[in-house]
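Here is the file target-v1.txt (compact mmCIF, C-alpha atoms).
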```
# COMPACT_ATOMS: atom_id res chain seq x y z
CA MET A 5 -48.29 3.99 -22.71
CA LYS A 6 -47.81 3.73 -26.50
CA LYS A 7 -50.56 6.29 -27.13
CA LEU A 8 -49.09 8.67 -24.58
CA PHE A 9 -45.59 8.31 -26.07
CA ALA A 10 -46.92 8.88 -29.61
CA ALA A 11 -48.78 12.02 -28.56
CA SER A 12 -45.66 13.34 -26.89
CA LEU A 13 -43.58 12.68 -30.00
CA LEU A 14 -46.07 14.61 -32.13
CA THR A 15 -46.05 17.62 -29.87
CA LEU A 16 -42.29 17.52 -29.45
CA GLY A 17 -42.02 17.46 -33.22
CA ALA A 18 -44.23 20.54 -33.42
CA THR A 19 -42.03 22.42 -30.97
CA ALA A 20 -38.75 21.29 -32.55
CA ALA A 21 -39.02 24.16 -35.03
CA PHE A 22 -38.50 26.55 -32.11
CA ALA A 23 -34.84 25.58 -31.65
CA GLY A 24 -31.75 26.78 -33.47
CA SER A 25 -33.12 28.87 -36.29
CA ILE A 26 -36.25 30.28 -37.90
CA THR A 27 -36.64 30.48 -41.68
CA LEU A 28 -39.17 32.89 -43.14
CA THR A 29 -40.07 33.07 -46.82
CA GLY A 30 -41.44 36.25 -48.35
CA THR A 31 -41.94 37.94 -51.72
CA VAL A 32 -39.48 40.34 -53.38
CA ARG A 33 -40.96 42.71 -56.01
CA ASP A 34 -38.77 44.61 -58.47
CA PHE A 35 -39.13 48.17 -59.83
CA ILE A 36 -37.54 50.64 -62.21
CA PRO A 37 -37.59 54.33 -61.17
CA GLY A 38 -39.73 56.52 -63.41
CA ALA A 39 -43.26 57.49 -64.30
CA LEU A 40 -45.87 55.06 -63.06
CA VAL A 41 -46.23 52.23 -65.54
CA PRO A 42 -47.91 49.29 -63.79
CA GLY A 43 -45.63 46.30 -63.55
CA SER A 44 -42.43 48.02 -64.68
CA SER A 45 -41.70 51.47 -63.23
CA ASN A 46 -42.64 53.59 -60.25
CA PRO A 47 -41.96 57.27 -59.38
CA ASP A 48 -41.56 56.55 -55.66
CA PHE A 49 -38.19 54.88 -56.26
CA GLU A 50 -34.99 56.92 -56.62
CA SER A 51 -36.90 60.09 -55.74
CA GLY A 52 -36.15 62.42 -52.80
CA ILE A 53 -34.36 61.66 -49.55
CA GLY A 54 -36.42 62.90 -46.63
CA GLY A 55 -35.05 60.83 -43.76
CA THR A 56 -37.14 58.71 -41.42
CA VAL A 57 -40.81 59.74 -41.61
CA PRO A 58 -43.22 58.22 -39.08
CA GLY A 59 -46.94 58.22 -39.74
CA MET A 60 -46.78 57.56 -43.48
CA VAL A 61 -49.21 54.64 -43.22
CA ASN A 62 -52.31 53.82 -41.20
CA SER A 63 -51.58 52.23 -37.82
CA THR A 64 -53.98 49.35 -38.57
CA LEU A 65 -53.41 46.83 -41.35
CA THR A 66 -56.71 46.29 -43.15
CA GLY A 67 -55.62 44.41 -46.28
CA ASN A 68 -52.59 42.88 -47.95
CA ALA A 69 -50.50 46.04 -47.57
CA PRO A 70 -50.26 49.19 -45.44
CA THR A 71 -52.59 52.06 -46.29
CA PRO A 72 -50.65 55.27 -47.13
CA VAL A 73 -51.88 58.48 -45.51
CA LYS A 74 -49.06 60.92 -46.39
CA PHE A 75 -47.92 61.89 -49.88
CA GLY A 76 -45.17 64.01 -51.39
CA ALA A 77 -42.17 65.20 -49.38
CA PRO A 78 -40.63 64.16 -47.05
CA GLY A 79 -41.76 60.53 -47.52
CA TYR A 80 -41.90 60.82 -51.31
CA VAL A 81 -44.92 58.65 -52.05
CA THR A 82 -46.53 60.04 -55.18
CA SER A 83 -50.09 58.74 -54.85
CA PRO A 84 -52.24 55.86 -53.58
CA ALA A 85 -51.83 54.28 -57.03
CA SER A 86 -48.03 54.40 -56.93
CA PHE A 87 -47.93 52.96 -53.41
CA ALA A 88 -50.36 50.19 -54.37
CA GLU A 89 -47.69 48.89 -56.74
CA TRP A 90 -45.17 48.36 -53.93
CA PHE A 91 -46.83 45.24 -52.58
CA GLY A 92 -49.25 44.54 -55.41
CA GLY A 93 -49.40 41.72 -57.89
CA ALA A 94 -48.26 43.47 -61.08
CA ALA A 95 -44.54 43.93 -60.40
CA PRO A 96 -42.11 41.15 -61.35
CA SER A 97 -41.45 39.07 -58.25
CA ARG A 98 -39.96 35.96 -56.74
CA SER A 99 -39.80 34.32 -53.32
CA HIS A 100 -36.87 34.88 -50.98
CA ALA A 101 -36.12 33.29 -47.61
CA ILE A 102 -34.17 34.65 -44.67
CA THR A 103 -32.99 32.62 -41.66
CA LEU A 104 -32.88 33.99 -38.12
CA ASP A 105 -30.36 32.10 -36.03
CA GLU A 106 -30.55 31.75 -32.26
CA THR A 107 -27.88 34.02 -30.78
CA ALA A 108 -26.85 31.36 -28.25
CA PRO A 109 -28.25 27.88 -27.58
CA GLY A 110 -31.35 28.19 -25.43
CA SER A 111 -31.33 32.02 -25.43
CA GLY A 112 -34.65 32.30 -27.25
CA ILE A 113 -33.28 35.35 -29.11
CA TYR A 114 -33.18 35.09 -32.90
CA ARG A 115 -31.22 37.33 -35.26
CA TYR A 116 -30.80 38.02 -38.96
CA SER A 117 -28.24 40.64 -40.00
CA ASN A 118 -27.23 41.68 -43.52
CA SER A 119 -25.54 45.00 -44.29
CA SER A 120 -25.72 44.29 -48.03
CA PHE A 121 -29.25 43.04 -48.53
CA PHE A 122 -29.64 42.80 -52.31
CA PRO A 123 -31.64 39.60 -52.90
CA ILE A 124 -32.33 40.10 -56.61
CA ASP A 125 -29.04 41.35 -58.06
CA GLY A 126 -29.03 40.61 -61.79
CA GLU A 127 -32.56 39.20 -61.64
CA LEU A 128 -36.09 40.19 -62.64
CA LEU A 129 -35.78 43.76 -64.03
CA GLY A 130 -32.00 43.72 -63.58
CA ASN A 131 -29.57 46.23 -62.07
CA GLN A 132 -30.18 48.99 -64.66
CA GLY A 133 -26.43 49.52 -65.05
CA ARG A 134 -25.81 49.82 -61.30
CA SER A 135 -23.68 47.62 -59.05
CA HIS A 136 -26.83 46.25 -57.36
CA ASN A 137 -30.54 45.98 -57.99
CA TYR A 138 -31.49 48.76 -55.57
CA HIS A 139 -35.21 49.16 -56.22
CA PHE A 140 -37.37 46.49 -54.65
CA THR A 141 -39.80 45.66 -51.87
CA TYR A 142 -39.90 42.64 -49.58
CA GLN A 143 -43.00 41.31 -47.83
CA ILE A 144 -43.26 38.52 -45.24
CA ALA A 145 -46.43 37.11 -43.69
CA ALA A 146 -46.00 34.84 -40.68
CA SER A 147 -47.41 34.12 -37.22
CA PHE A 148 -46.07 34.34 -33.68
CA GLY A 149 -47.04 33.02 -30.29
CA TYR A 150 -47.83 35.72 -27.75
CA GLU A 151 -47.35 35.14 -24.01
CA PRO A 152 -48.60 38.12 -21.94
CA GLY A 153 -46.23 39.56 -19.37
CA THR A 154 -43.07 37.94 -20.74
CA GLY A 155 -41.71 41.08 -22.41
CA GLN A 156 -41.40 39.66 -25.93
CA THR A 157 -39.60 42.13 -28.19
CA PHE A 158 -38.89 42.78 -31.85
CA THR A 159 -36.09 45.10 -33.02
CA PHE A 160 -35.38 46.21 -36.57
CA THR A 161 -32.47 48.16 -38.02
CA GLY A 162 -32.34 49.06 -41.69
CA ASP A 163 -33.25 51.22 -44.65
CA ASP A 164 -35.37 52.37 -46.34
CA ASP A 165 -39.08 52.08 -45.41
CA VAL A 166 -40.02 49.37 -42.90
CA TRP A 167 -43.41 48.73 -41.35
CA VAL A 168 -44.09 45.74 -39.10
CA PHE A 169 -47.57 44.83 -37.90
CA PHE A 170 -48.37 42.51 -35.00
CA ASP A 171 -51.97 41.25 -35.04
CA LYS A 172 -52.64 44.05 -37.58
CA GLN A 173 -51.26 46.75 -35.23
CA LEU A 174 -48.29 48.85 -36.36
CA GLY A 175 -45.36 48.17 -34.04
CA ILE A 176 -42.34 49.27 -36.12
CA ASP A 177 -42.74 52.53 -38.09
CA LEU A 178 -39.67 53.48 -40.13
CA GLY A 179 -41.13 55.01 -43.27
CA GLY A 180 -39.21 57.20 -45.69
CA VAL A 181 -35.95 57.13 -47.62
CA HIS A 182 -33.23 57.14 -44.97
CA GLY A 183 -30.00 55.60 -43.75
CA ALA A 184 -29.99 52.68 -41.35
CA ASP A 185 -32.32 53.45 -38.47
CA SER A 186 -33.59 51.35 -35.55
CA ARG A 187 -36.82 50.79 -33.69
CA SER A 188 -37.81 48.29 -31.03
CA VAL A 189 -41.24 47.24 -29.75
CA ASN A 190 -42.28 45.40 -26.60
CA LEU A 191 -45.40 43.38 -27.36
CA ASP A 192 -46.82 43.84 -23.86
CA THR A 193 -46.62 47.61 -24.34
CA LEU A 194 -48.03 47.49 -27.87
CA PHE A 195 -51.01 45.33 -26.95
CA GLY A 196 -51.66 46.68 -23.47
CA PRO A 197 -53.40 44.73 -20.69
CA GLY A 198 -56.03 42.13 -21.48
CA LYS A 199 -54.51 40.62 -24.62
CA ALA A 200 -54.97 36.87 -24.48
CA ALA A 201 -52.16 34.39 -25.05
CA GLY A 202 -52.29 32.83 -28.48
CA ASN A 203 -51.06 32.90 -32.05
CA TYR A 204 -51.32 36.16 -33.99
CA SER A 205 -50.42 37.47 -37.42
CA PHE A 206 -47.05 39.02 -38.23
CA ASP A 207 -46.73 41.22 -41.33
CA PHE A 208 -43.42 42.69 -42.45
CA PHE A 209 -43.05 45.29 -45.23
CA PHE A 210 -39.69 46.55 -46.47
CA ALA A 211 -38.78 48.89 -49.35
CA GLU A 212 -35.34 49.67 -50.78
CA ARG A 213 -35.78 52.88 -52.79
CA HIS A 214 -32.40 54.55 -53.21
CA THR A 215 -28.95 53.71 -54.57
CA SER A 216 -26.72 53.84 -51.53
CA GLU A 217 -27.10 51.05 -48.96
CA SER A 218 -29.47 48.26 -48.08
CA ASN A 219 -29.40 47.10 -44.46
CA LEU A 220 -31.71 44.56 -42.91
CA ARG A 221 -31.26 43.45 -39.29
CA ILE A 222 -33.84 41.72 -37.12
CA GLU A 223 -33.46 40.63 -33.50
CA THR A 224 -36.43 39.18 -31.68
CA SER A 225 -37.59 36.95 -28.85
CA LEU A 226 -40.68 36.03 -30.88
CA THR A 227 -40.83 32.61 -32.48
CA LEU A 228 -41.92 33.49 -36.00
CA LEU A 229 -43.25 30.77 -38.27
CA PRO A 230 -45.42 30.45 -41.37
CA PRO A 231 -49.03 30.71 -40.17
CA SER A 232 -49.79 27.03 -40.81
CA GLN A 233 -46.83 25.82 -38.72
CA VAL A 234 -47.29 27.61 -35.39
CA PRO A 235 -48.37 25.09 -32.72
CA GLU A 236 -51.38 25.98 -30.61
CA PRO A 237 -50.56 26.84 -26.97
CA ALA A 238 -52.27 23.59 -25.97
CA SER A 239 -49.44 21.70 -27.68
CA PHE A 240 -46.99 22.85 -25.04
CA ALA A 241 -49.31 21.73 -22.26
CA LEU A 242 -49.64 18.35 -23.96
CA VAL A 243 -45.86 17.98 -24.13
CA LEU A 244 -45.55 18.66 -20.41
CA ALA A 245 -48.45 16.37 -19.58
CA GLY A 246 -47.05 13.62 -21.76
CA MET A 247 -43.58 13.86 -20.24
CA ALA A 248 -45.03 13.91 -16.72
CA GLY A 249 -47.24 10.95 -17.55
CA MET A 250 -44.35 8.91 -18.91
CA GLY A 251 -42.35 9.66 -15.79
CA TRP A 252 -45.22 8.49 -13.58
CA VAL A 253 -45.64 5.27 -15.56
CA GLY A 254 -41.89 4.60 -15.34
CA ARG A 255 -41.86 5.13 -11.58
CA ARG A 256 -44.87 2.82 -11.15
CA ARG A 257 -43.22 0.03 -13.17
CA ARG A 258 -39.98 0.32 -11.22
CA SER A 259 -41.90 0.08 -7.94
```
Starting from the coordinates I provided, produce the structure as structure tokens.
Amino acid sequence: MKKLFAASLLTLGATAAFAGSITLTGTVRDFIPGALVPGSSNPDFESGIGGTVPGMVNSTLTGNAPTPVKFGAPGYVTSPASFAEWFGGAAPSRSHAITLDETAPGSGIYRYSNSSFFPIDGELLGNQGRSHNYHFTYQIAASFGYEPGTGQTFTFTGDDDVWVFFDKQLGIDLGGVHGADSRSVNLDTLFGPGKAAGNYSFDFFFAERHTSESNLRIETSLTLLPPSQVPEPASFALVLAGMAGMGWVGRRRRS
């Protein structure tokens, strides 16, 4: 009985992170508009405004960052070298966390919404005389549990470039310098039939490149957690088995 209760406590502790809110920590990298000088300036920032441009990056994530496939207008990426700076290691950076709150207790829908997303105002390379630090990227790596046939969704609204990969597949494609725009993906549709239940990688890439607005809104039915913290699907089965077992033992003792 003690062993069963202890196992149930462990698995319940693992699933406790699923309730209430989800906190994700990523990396913000700072830039100054201008000729490409590694670690300080980049010509892709404060350049042209071409609106939302799909297809700017490869649909499969093969490394630490998306692979650009379109250059110049209307997406205004200068070169592979300039894009490599966006999510590379040379730019000044710091960590930044966002918290997605459950929209209603037990709803399983989590939301983060910020119509003034400026996480490094007055920090790193500074505001360059502007009211905000407008030129930065934000990258989050996490994991999610996939359950086929349940219609799990992820919706993003914001500006500028946003690319979101699920198990290395591009699901949200909002490249370009643009006003707030929205896209939604159903994971069953993205993966198609035959995708097994399990834990898969989640990779989020955001770029703020122009001095007007910075919106970031996420709404999702996915439980997103740092890769090391996502319980295996077997944990849920163990919770149910443990609870059922404790109930059976209790009934037997009462009888």
Taking into account only C-alpha atoms, which residue in the set A:Ser186, A:Ser97, A:Gln143, A:Thr29 is nearest to Pro70 (chain A)?
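For Pro70 (chain A), the nearest of the candidates is A:Gln143.
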Identify, on the basis of all atoms listed in the file, every residue whose closest approach to region 212-220 of chain A does not exceed 8 Å; exclude the query and any residue fewer than 2 positions from it along the same chain; express the result as a count of residues only.
26
Calculated over only C-alpha atoms, which of the candidates A:Leu228, A:Leu65, A:Ile53, A:Val41 has the smallest distance to Ala77 (chain A)?
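Closest candidate: A:Ile53.
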With only C-alpha atoms counted, which protein, DNA or RNA residues have an atom no more than 7 Å from (-42.5, 33.9, -35.1) in the file frame? Please answer as a VMD selection string.
chain A and resid 146 to 149 226 to 229
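Of note, CA of Phe170 (chain A) and CA of Pro72 (chain A) are spaced 17.8 Å apart.
Across A:Gly112, A:Gly79, A:Pro42, A:Gly59, the tightest approach to Ser225 (chain A) is made by A:Gly112 when counting all atoms listed in the file.
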Using all atoms listed in the file, which of A:Ala88, A:Ala101, A:Leu128, A:Leu191 sits nearest Gln156 (chain A)?
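Closest residue, counting all atoms listed in the file: A:Leu191.
In this comparison, which uses all atoms listed in the file, the residue of A:Gly110, A:Gly180, A:Pro84, A:Pro152 approaching Thr56 (chain A) most closely is A:Gly180.
Residue nearest Arg221 (chain A), chosen from A:Phe75, A:Tyr204, A:Phe35, A:Tyr114 and counting all atoms listed in the file: A:Tyr114.
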If we draw a sphere of 8 Å around (-41.2, 34.3, -50.8), which residues have at least one atom in it when counting all atoms listed in the file? Please report them as a list in words.
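So the residues meeting the distance criterion are Thr29, Gly30, Thr31, Val32, Arg98, Ser99, His100, Ala101, Gln143 and Ile144 of chain A.
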Enter the distance from CA of Phe206 (chain A) to CA of Ile176 (chain A), in Å, rounded to one decimal.
11.5 Å
